[in-house]
Amino acid sequence: MPWKQTCYRHSATVDLIAAPPGETTTMHIKPIAIALLAMIAPGQARAAMLSDAEATFLDQLATAAAVLEQRCTGYEANGAGGVQTGARLLGSPDAAMAMINAFDAAIKAHDGNDYDPRKFRPEVSEAAGKTFKLVRAALITDPEGACAAYGESGAASGLLRRY
(Lines give C-alpha, C1' and ligand atoms only; values in the text may rest on other atoms or scores of the structure.)
Protein backbone atom coordinates (compact mmCIF):
# COMPACT_ATOMS: atom_id res chain seq x y z
CA MET A 1 0.00 0.00 0.00
CA PRO A 2 1.97 3.06 -1.23
CA TRP A 3 1.69 6.56 0.20
CA LYS A 4 3.39 9.81 -0.72
CA GLN A 5 5.97 11.74 1.29
CA THR A 6 7.07 15.23 0.23
CA CYS A 7 10.53 16.59 0.89
CA TYR A 8 9.78 20.29 1.37
CA ARG A 9 13.41 21.35 1.15
CA HIS A 10 13.80 20.03 -2.41
CA SER A 11 10.10 20.04 -3.43
CA ALA A 12 10.34 16.38 -4.33
CA THR A 13 7.64 13.77 -3.84
CA VAL A 14 8.72 10.28 -2.89
CA ASP A 15 6.54 7.16 -3.09
CA LEU A 16 6.84 5.13 0.08
CA ILE A 17 5.77 1.50 -0.09
CA ALA A 18 4.82 -0.34 3.06
CA ALA A 19 6.35 -3.78 3.32
CA PRO A 20 5.25 -6.65 5.49
CA PRO A 21 7.27 -7.09 8.68
CA GLY A 22 10.69 -8.59 8.03
CA GLU A 23 10.87 -7.43 4.40
CA THR A 24 12.65 -4.38 3.06
CA THR A 25 10.89 -1.24 1.96
CA THR A 26 11.79 0.30 -1.37
CA MET A 27 11.72 3.96 -2.17
CA HIS A 28 11.08 5.28 -5.67
CA ILE A 29 12.30 8.80 -6.29
CA LYS A 30 10.63 10.50 -9.19
CA PRO A 31 12.91 11.60 -12.05
CA ILE A 32 11.90 15.23 -11.53
CA ALA A 33 13.51 15.18 -8.08
CA ILE A 34 16.76 13.89 -9.54
CA ALA A 35 16.69 16.58 -12.23
CA LEU A 36 16.09 19.29 -9.64
CA LEU A 37 18.95 18.09 -7.48
CA ALA A 38 21.26 17.95 -10.49
CA MET A 39 20.43 21.57 -11.30
CA ILE A 40 20.70 22.86 -7.71
CA ALA A 41 24.00 21.24 -6.67
CA PRO A 42 26.28 22.89 -9.29
CA GLY A 43 24.74 26.30 -8.53
CA GLN A 44 25.50 25.93 -4.86
CA ALA A 45 29.08 24.88 -5.62
CA ARG A 46 29.59 27.94 -7.83
CA ALA A 47 28.10 30.25 -5.22
CA ALA A 48 30.59 28.97 -2.66
CA MET A 49 33.67 30.15 -4.53
CA LEU A 50 35.48 33.43 -3.97
CA SER A 51 36.83 35.42 -6.88
CA ASP A 52 40.56 36.07 -6.92
CA ALA A 53 39.95 39.69 -5.92
CA GLU A 54 37.66 38.66 -3.06
CA ALA A 55 40.18 36.08 -1.85
CA THR A 56 42.99 38.67 -1.94
CA PHE A 57 40.97 41.25 -0.02
CA LEU A 58 39.79 38.65 2.47
CA ASP A 59 43.38 37.49 3.10
CA GLN A 60 44.33 41.10 3.78
CA LEU A 61 41.37 41.55 6.14
CA ALA A 62 42.11 38.35 8.07
CA THR A 63 45.82 39.19 8.31
CA ALA A 64 45.10 42.69 9.61
CA ALA A 65 42.57 41.27 12.10
CA ALA A 66 45.16 38.81 13.40
CA VAL A 67 47.72 41.61 13.85
CA LEU A 68 45.17 43.65 15.80
CA GLU A 69 43.99 40.64 17.82
CA GLN A 70 47.57 39.90 18.92
CA ARG A 71 47.99 43.58 19.83
CA CYS A 72 51.08 44.12 17.74
CA THR A 73 52.61 47.38 18.93
CA GLY A 74 52.50 50.28 16.51
CA TYR A 75 49.49 49.28 14.38
CA GLU A 76 45.82 50.20 14.40
CA ALA A 77 42.87 49.67 12.07
CA ASN A 78 42.52 52.02 9.12
CA GLY A 79 38.79 51.85 8.29
CA ALA A 80 38.82 54.31 5.39
CA GLY A 81 41.97 52.74 3.97
CA GLY A 82 40.37 49.29 4.18
CA VAL A 83 37.33 50.40 2.21
CA GLN A 84 39.56 52.11 -0.38
CA THR A 85 41.68 48.96 -0.74
CA GLY A 86 38.58 46.81 -1.10
CA ALA A 87 37.03 49.19 -3.61
CA ARG A 88 40.21 49.13 -5.69
CA LEU A 89 40.29 45.32 -5.66
CA LEU A 90 36.55 44.62 -5.93
CA GLY A 91 35.45 47.49 -8.13
CA SER A 92 33.32 49.57 -5.76
CA PRO A 93 33.01 50.75 -2.17
CA ASP A 94 29.73 48.80 -1.93
CA ALA A 95 31.49 45.54 -2.88
CA ALA A 96 34.21 46.30 -0.34
CA MET A 97 31.66 46.95 2.40
CA ALA A 98 29.81 43.75 1.49
CA MET A 99 33.02 41.75 1.97
CA ILE A 100 33.83 43.58 5.20
CA ASN A 101 30.31 42.84 6.46
CA ALA A 102 30.62 39.16 5.44
CA PHE A 103 33.94 38.99 7.30
CA ASP A 104 32.34 40.63 10.34
CA ALA A 105 29.44 38.14 10.24
CA ALA A 106 31.94 35.25 9.99
CA ILE A 107 33.81 36.49 13.08
CA LYS A 108 30.59 36.91 15.05
CA ALA A 109 29.33 33.47 14.00
CA HIS A 110 32.66 31.87 14.97
CA ASP A 111 32.56 33.57 18.37
CA GLY A 112 28.94 32.52 18.95
CA ASN A 113 27.61 36.10 18.84
CA ASP A 114 24.51 37.34 17.03
CA TYR A 115 25.11 38.21 13.38
CA ASP A 116 23.08 39.13 10.33
CA PRO A 117 22.52 35.84 8.45
CA ARG A 118 21.93 37.76 5.20
CA LYS A 119 25.56 38.93 5.33
CA PHE A 120 27.06 35.58 6.33
CA ARG A 121 28.85 33.68 3.55
CA PRO A 122 30.20 30.23 4.45
CA GLU A 123 33.04 30.49 1.93
CA VAL A 124 34.16 33.76 3.54
CA SER A 125 34.09 32.18 6.98
CA GLU A 126 36.11 29.17 5.84
CA ALA A 127 38.76 31.10 3.91
CA ALA A 128 39.14 33.80 6.58
CA GLY A 129 39.45 31.16 9.29
CA LYS A 130 42.29 29.43 7.47
CA THR A 131 44.23 32.64 6.88
CA PHE A 132 43.62 33.91 10.43
CA LYS A 133 44.86 30.62 11.96
CA LEU A 134 48.05 30.64 9.87
CA VAL A 135 48.87 34.27 10.62
CA ARG A 136 48.00 33.92 14.29
CA ALA A 137 50.24 30.85 14.62
CA ALA A 138 53.15 32.82 13.13
CA LEU A 139 52.41 35.75 15.43
CA ILE A 140 52.46 33.47 18.47
CA THR A 141 55.61 31.62 17.38
CA ASP A 142 57.62 34.75 16.54
CA PRO A 143 55.77 37.79 17.89
CA GLU A 144 58.38 40.41 17.04
CA GLY A 145 59.24 39.23 13.55
CA ALA A 146 55.71 38.31 12.53
CA CYS A 147 54.23 41.52 13.94
CA ALA A 148 56.71 43.54 11.92
CA ALA A 149 56.17 41.55 8.73
CA TYR A 150 52.37 41.24 8.88
CA GLY A 151 51.93 44.74 10.34
CA GLU A 152 53.95 46.29 7.51
CA SER A 153 52.01 44.20 4.99
CA GLY A 154 48.74 45.49 6.47
CA ALA A 155 50.02 49.08 6.44
CA ALA A 156 51.18 48.74 2.83
CA SER A 157 47.77 47.43 1.76
CA GLY A 158 46.00 50.25 3.62
CA LEU A 159 44.09 48.14 6.14
CA LEU A 160 46.38 49.12 9.02
CA ARG A 161 48.17 52.33 9.84
CA ARG A 162 51.21 52.94 11.98
CA TYR A 163 50.97 55.03 15.12
# chains A, B, ... in the order shown; residues from 1 in each chain; ligands from 1
call {"tool": "residues_around", "arguments": {"residues": "stretch 63-78 of chain A", "least_positions_apart": "5", "cutoff": "12 Å", "atoms": "only C-alpha atoms", "output": "ChimeraX atom specification"}}
result
/A:56-58,83-85,100,103-104,107,127-163
call {"tool": "atom_distance", "arguments": {"atom1": "atom CA of A:Ser92", "atom2": "atom CA of A:Pro122"}}
result
22.1 Å
call {"tool": "atom_distance", "arguments": {"atom1": "atom CA of A:Ala55", "atom2": "atom CA of A:Ala102"}}
result
12.4 Å
call {"tool": "atom_distance", "arguments": {"atom1": "atom CA of A:Glu126", "atom2": "atom CA of A:Ala98"}}
result
16.5 Å
call {"tool": "select_by_dssp", "arguments": {"residues": "stretch 90-142 of chain A", "states": "helix (DSSP H, G or I)", "output": "count of residues only"}}
result
40
call {"tool": "closest_residue", "arguments": {"among": "A:Gln60, A:Glu54, A:Ala105, A:Met49", "to": "A:Gly91", "atoms": "only C-alpha atoms"}}
result
A:Glu54
call {"tool": "decode", "arguments": {"residues": "stretch 122-156 of chain A", "atoms": "N, CA, C and O atoms", "output": "PDB file, in the first residue's frame"}}
result
ATOM      1  N   PRO A 122      29.368  31.320   3.940  1.00  0.00           N
ATOM      2  CA  PRO A 122      30.199  30.230   4.451  1.00  0.00           C
ATOM      3  C   PRO A 122      31.599  30.196   3.850  1.00  0.00           C
ATOM      4  O   PRO A 122      32.569  29.902   4.549  1.00  0.00           O
ATOM      5  N   GLU A 123      31.721  30.524   2.569  1.00  0.00           N
ATOM      6  CA  GLU A 123      33.037  30.488   1.929  1.00  0.00           C
ATOM      7  C   GLU A 123      33.955  31.567   2.497  1.00  0.00           C
ATOM      8  O   GLU A 123      35.163  31.371   2.582  1.00  0.00           O
ATOM      9  N   VAL A 124      33.382  32.697   2.906  1.00  0.00           N
ATOM     10  CA  VAL A 124      34.164  33.755   3.540  1.00  0.00           C
ATOM     11  C   VAL A 124      34.638  33.285   4.912  1.00  0.00           C
ATOM     12  O   VAL A 124      35.806  33.444   5.274  1.00  0.00           O
ATOM     13  N   SER A 125      33.738  32.682   5.643  1.00  0.00           N
ATOM     14  CA  SER A 125      34.086  32.180   6.977  1.00  0.00           C
ATOM     15  C   SER A 125      35.205  31.144   6.907  1.00  0.00           C
ATOM     16  O   SER A 125      36.165  31.199   7.681  1.00  0.00           O
ATOM     17  N   GLU A 126      35.098  30.221   5.975  1.00  0.00           N
ATOM     18  CA  GLU A 126      36.110  29.167   5.844  1.00  0.00           C
ATOM     19  C   GLU A 126      37.471  29.724   5.436  1.00  0.00           C
ATOM     20  O   GLU A 126      38.488  29.421   6.062  1.00  0.00           O
ATOM     21  N   ALA A 127      37.488  30.554   4.408  1.00  0.00           N
ATOM     22  CA  ALA A 127      38.756  31.103   3.913  1.00  0.00           C
ATOM     23  C   ALA A 127      39.400  32.031   4.949  1.00  0.00           C
ATOM     24  O   ALA A 127      40.615  31.970   5.182  1.00  0.00           O
ATOM     25  N   ALA A 128      38.600  32.887   5.578  1.00  0.00           N
ATOM     26  CA  ALA A 128      39.136  33.805   6.580  1.00  0.00           C
ATOM     27  C   ALA A 128      39.682  33.033   7.778  1.00  0.00           C
ATOM     28  O   ALA A 128      40.732  33.389   8.320  1.00  0.00           O
ATOM     29  N   GLY A 129      38.987  31.977   8.169  1.00  0.00           N
ATOM     30  CA  GLY A 129      39.448  31.164   9.292  1.00  0.00           C
ATOM     31  C   GLY A 129      40.803  30.540   9.037  1.00  0.00           C
ATOM     32  O   GLY A 129      41.667  30.523   9.916  1.00  0.00           O
ATOM     33  N   LYS A 130      41.001  30.047   7.812  1.00  0.00           N
ATOM     34  CA  LYS A 130      42.290  29.427   7.468  1.00  0.00           C
ATOM     35  C   LYS A 130      43.419  30.459   7.524  1.00  0.00           C
ATOM     36  O   LYS A 130      44.466  30.208   8.105  1.00  0.00           O
ATOM     37  N   THR A 131      43.198  31.606   6.893  1.00  0.00           N
ATOM     38  CA  THR A 131      44.229  32.645   6.883  1.00  0.00           C
ATOM     39  C   THR A 131      44.518  33.136   8.302  1.00  0.00           C
ATOM     40  O   THR A 131      45.679  33.261   8.698  1.00  0.00           O
ATOM     41  N   PHE A 132      43.452  33.399   9.067  1.00  0.00           N
ATOM     42  CA  PHE A 132      43.618  33.905  10.428  1.00  0.00           C
ATOM     43  C   PHE A 132      44.430  32.930  11.272  1.00  0.00           C
ATOM     44  O   PHE A 132      45.340  33.336  11.991  1.00  0.00           O
ATOM     45  N   LYS A 133      44.140  31.633  11.169  1.00  0.00           N
ATOM     46  CA  LYS A 133      44.865  30.624  11.958  1.00  0.00           C
ATOM     47  C   LYS A 133      46.346  30.582  11.593  1.00  0.00           C
ATOM     48  O   LYS A 133      47.208  30.495  12.469  1.00  0.00           O
ATOM     49  N   LEU A 134      46.656  30.660  10.298  1.00  0.00           N
ATOM     50  CA  LEU A 134      48.054  30.636   9.865  1.00  0.00           C
ATOM     51  C   LEU A 134      48.818  31.859  10.367  1.00  0.00           C
ATOM     52  O   LEU A 134      49.930  31.745  10.893  1.00  0.00           O
ATOM     53  N   VAL A 135      48.211  33.029  10.200  1.00  0.00           N
ATOM     54  CA  VAL A 135      48.874  34.267  10.615  1.00  0.00           C
ATOM     55  C   VAL A 135      49.005  34.303  12.135  1.00  0.00           C
ATOM     56  O   VAL A 135      50.064  34.650  12.666  1.00  0.00           O
ATOM     57  N   ARG A 136      47.949  33.921  12.827  1.00  0.00           N
ATOM     58  CA  ARG A 136      47.999  33.921  14.291  1.00  0.00           C
ATOM     59  C   ARG A 136      49.074  32.970  14.810  1.00  0.00           C
ATOM     60  O   ARG A 136      49.790  33.293  15.772  1.00  0.00           O
ATOM     61  N   ALA A 137      49.203  31.803  14.198  1.00  0.00           N
ATOM     62  CA  ALA A 137      50.244  30.852  14.615  1.00  0.00           C
ATOM     63  C   ALA A 137      51.623  31.471  14.454  1.00  0.00           C
ATOM     64  O   ALA A 137      52.485  31.336  15.326  1.00  0.00           O
ATOM     65  N   ALA A 138      51.846  32.161  13.345  1.00  0.00           N
ATOM     66  CA  ALA A 138      53.146  32.823  13.128  1.00  0.00           C
ATOM     67  C   ALA A 138      53.364  33.937  14.141  1.00  0.00           C
ATOM     68  O   ALA A 138      54.481  34.118  14.651  1.00  0.00           O
ATOM     69  N   LEU A 139      52.296  34.666  14.458  1.00  0.00           N
ATOM     70  CA  LEU A 139      52.409  35.747  15.434  1.00  0.00           C
ATOM     71  C   LEU A 139      52.695  35.219  16.835  1.00  0.00           C
ATOM     72  O   LEU A 139      53.392  35.879  17.617  1.00  0.00           O
ATOM     73  N   ILE A 140      52.198  34.062  17.149  1.00  0.00           N
ATOM     74  CA  ILE A 140      52.458  33.467  18.468  1.00  0.00           C
ATOM     75  C   ILE A 140      53.870  32.887  18.524  1.00  0.00           C
ATOM     76  O   ILE A 140      54.571  33.032  19.515  1.00  0.00           O
ATOM     77  N   THR A 141      54.290  32.246  17.437  1.00  0.00           N
ATOM     78  CA  THR A 141      55.605  31.620  17.378  1.00  0.00           C
ATOM     79  C   THR A 141      56.732  32.653  17.414  1.00  0.00           C
ATOM     80  O   THR A 141      57.712  32.487  18.121  1.00  0.00           O
ATOM     81  N   ASP A 142      56.590  33.712  16.614  1.00  0.00           N
ATOM     82  CA  ASP A 142      57.623  34.753  16.537  1.00  0.00           C
ATOM     83  C   ASP A 142      56.948  36.123  16.594  1.00  0.00           C
ATOM     84  O   ASP A 142      56.774  36.783  15.565  1.00  0.00           O
ATOM     85  N   PRO A 143      56.544  36.553  17.784  1.00  0.00           N
ATOM     86  CA  PRO A 143      55.765  37.789  17.888  1.00  0.00           C
ATOM     87  C   PRO A 143      56.435  39.015  17.275  1.00  0.00           C
ATOM     88  O   PRO A 143      55.787  39.766  16.552  1.00  0.00           O
ATOM     89  N   GLU A 144      57.704  39.215  17.556  1.00  0.00           N
ATOM     90  CA  GLU A 144      58.378  40.406  17.043  1.00  0.00           C
ATOM     91  C   GLU A 144      58.494  40.399  15.527  1.00  0.00           C
ATOM     92  O   GLU A 144      58.107  41.350  14.849  1.00  0.00           O
ATOM     93  N   GLY A 145      59.036  39.320  15.002  1.00  0.00           N
ATOM     94  CA  GLY A 145      59.239  39.234  13.553  1.00  0.00           C
ATOM     95  C   GLY A 145      57.940  39.210  12.771  1.00  0.00           C
ATOM     96  O   GLY A 145      57.794  39.905  11.759  1.00  0.00           O
ATOM     97  N   ALA A 146      56.983  38.421  13.245  1.00  0.00           N
ATOM     98  CA  ALA A 146      55.715  38.312  12.529  1.00  0.00           C
ATOM     99  C   ALA A 146      54.908  39.605  12.637  1.00  0.00           C
ATOM    100  O   ALA A 146      54.270  40.023  11.666  1.00  0.00           O
ATOM    101  N   CYS A 147      54.934  40.243  13.798  1.00  0.00           N
ATOM    102  CA  CYS A 147      54.226  41.521  13.941  1.00  0.00           C
ATOM    103  C   CYS A 147      54.784  42.552  12.959  1.00  0.00           C
ATOM    104  O   CYS A 147      54.024  43.275  12.305  1.00  0.00           O
ATOM    105  N   ALA A 148      56.095  42.592  12.858  1.00  0.00           N
ATOM    106  CA  ALA A 148      56.712  43.537  11.925  1.00  0.00           C
ATOM    107  C   ALA A 148      56.334  43.202  10.480  1.00  0.00           C
ATOM    108  O   ALA A 148      55.921  44.083   9.722  1.00  0.00           O
ATOM    109  N   ALA A 149      56.445  41.947  10.114  1.00  0.00           N
ATOM    110  CA  ALA A 149      56.168  41.549   8.726  1.00  0.00           C
ATOM    111  C   ALA A 149      54.693  41.729   8.373  1.00  0.00           C
ATOM    112  O   ALA A 149      54.353  42.365   7.364  1.00  0.00           O
ATOM    113  N   TYR A 150      53.800  41.161   9.183  1.00  0.00           N
ATOM    114  CA  TYR A 150      52.374  41.243   8.877  1.00  0.00           C
ATOM    115  C   TYR A 150      51.823  42.648   9.112  1.00  0.00           C
ATOM    116  O   TYR A 150      50.921  43.096   8.397  1.00  0.00           O
ATOM    117  N   GLY A 151      52.352  43.360  10.101  1.00  0.00           N
ATOM    118  CA  GLY A 151      51.932  44.739  10.337  1.00  0.00           C
ATOM    119  C   GLY A 151      52.289  45.635   9.172  1.00  0.00           C
ATOM    120  O   GLY A 151      51.478  46.451   8.717  1.00  0.00           O
ATOM    121  N   GLU A 152      53.523  45.496   8.678  1.00  0.00           N
ATOM    122  CA  GLU A 152      53.947  46.288   7.515  1.00  0.00           C
ATOM    123  C   GLU A 152      53.133  45.928   6.277  1.00  0.00           C
ATOM    124  O   GLU A 152      52.790  46.797   5.482  1.00  0.00           O
ATOM    125  N   SER A 153      52.836  44.643   6.119  1.00  0.00           N
ATOM    126  CA  SER A 153      52.007  44.203   4.991  1.00  0.00           C
ATOM    127  C   SER A 153      50.623  44.849   5.072  1.00  0.00           C
ATOM    128  O   SER A 153      50.090  45.335   4.068  1.00  0.00           O
ATOM    129  N   GLY A 154      50.044  44.865   6.275  1.00  0.00           N
ATOM    130  CA  GLY A 154      48.741  45.495   6.469  1.00  0.00           C
ATOM    131  C   GLY A 154      48.779  46.992   6.233  1.00  0.00           C
ATOM    132  O   GLY A 154      47.849  47.565   5.671  1.00  0.00           O
ATOM    133  N   ALA A 155      49.869  47.634   6.653  1.00  0.00           N
ATOM    134  CA  ALA A 155      50.018  49.076   6.435  1.00  0.00           C
ATOM    135  C   ALA A 155      50.192  49.384   4.942  1.00  0.00           C
ATOM    136  O   ALA A 155      49.630  50.345   4.432  1.00  0.00           O
ATOM    137  N   ALA A 156      50.969  48.540   4.257  1.00  0.00           N
ATOM    138  CA  ALA A 156      51.183  48.739   2.827  1.00  0.00           C
ATOM    139  C   ALA A 156      49.876  48.565   2.050  1.00  0.00           C
ATOM    140  O   ALA A 156      49.648  49.273   1.047  1.00  0.00           O
TER     141      ALA A 156
END
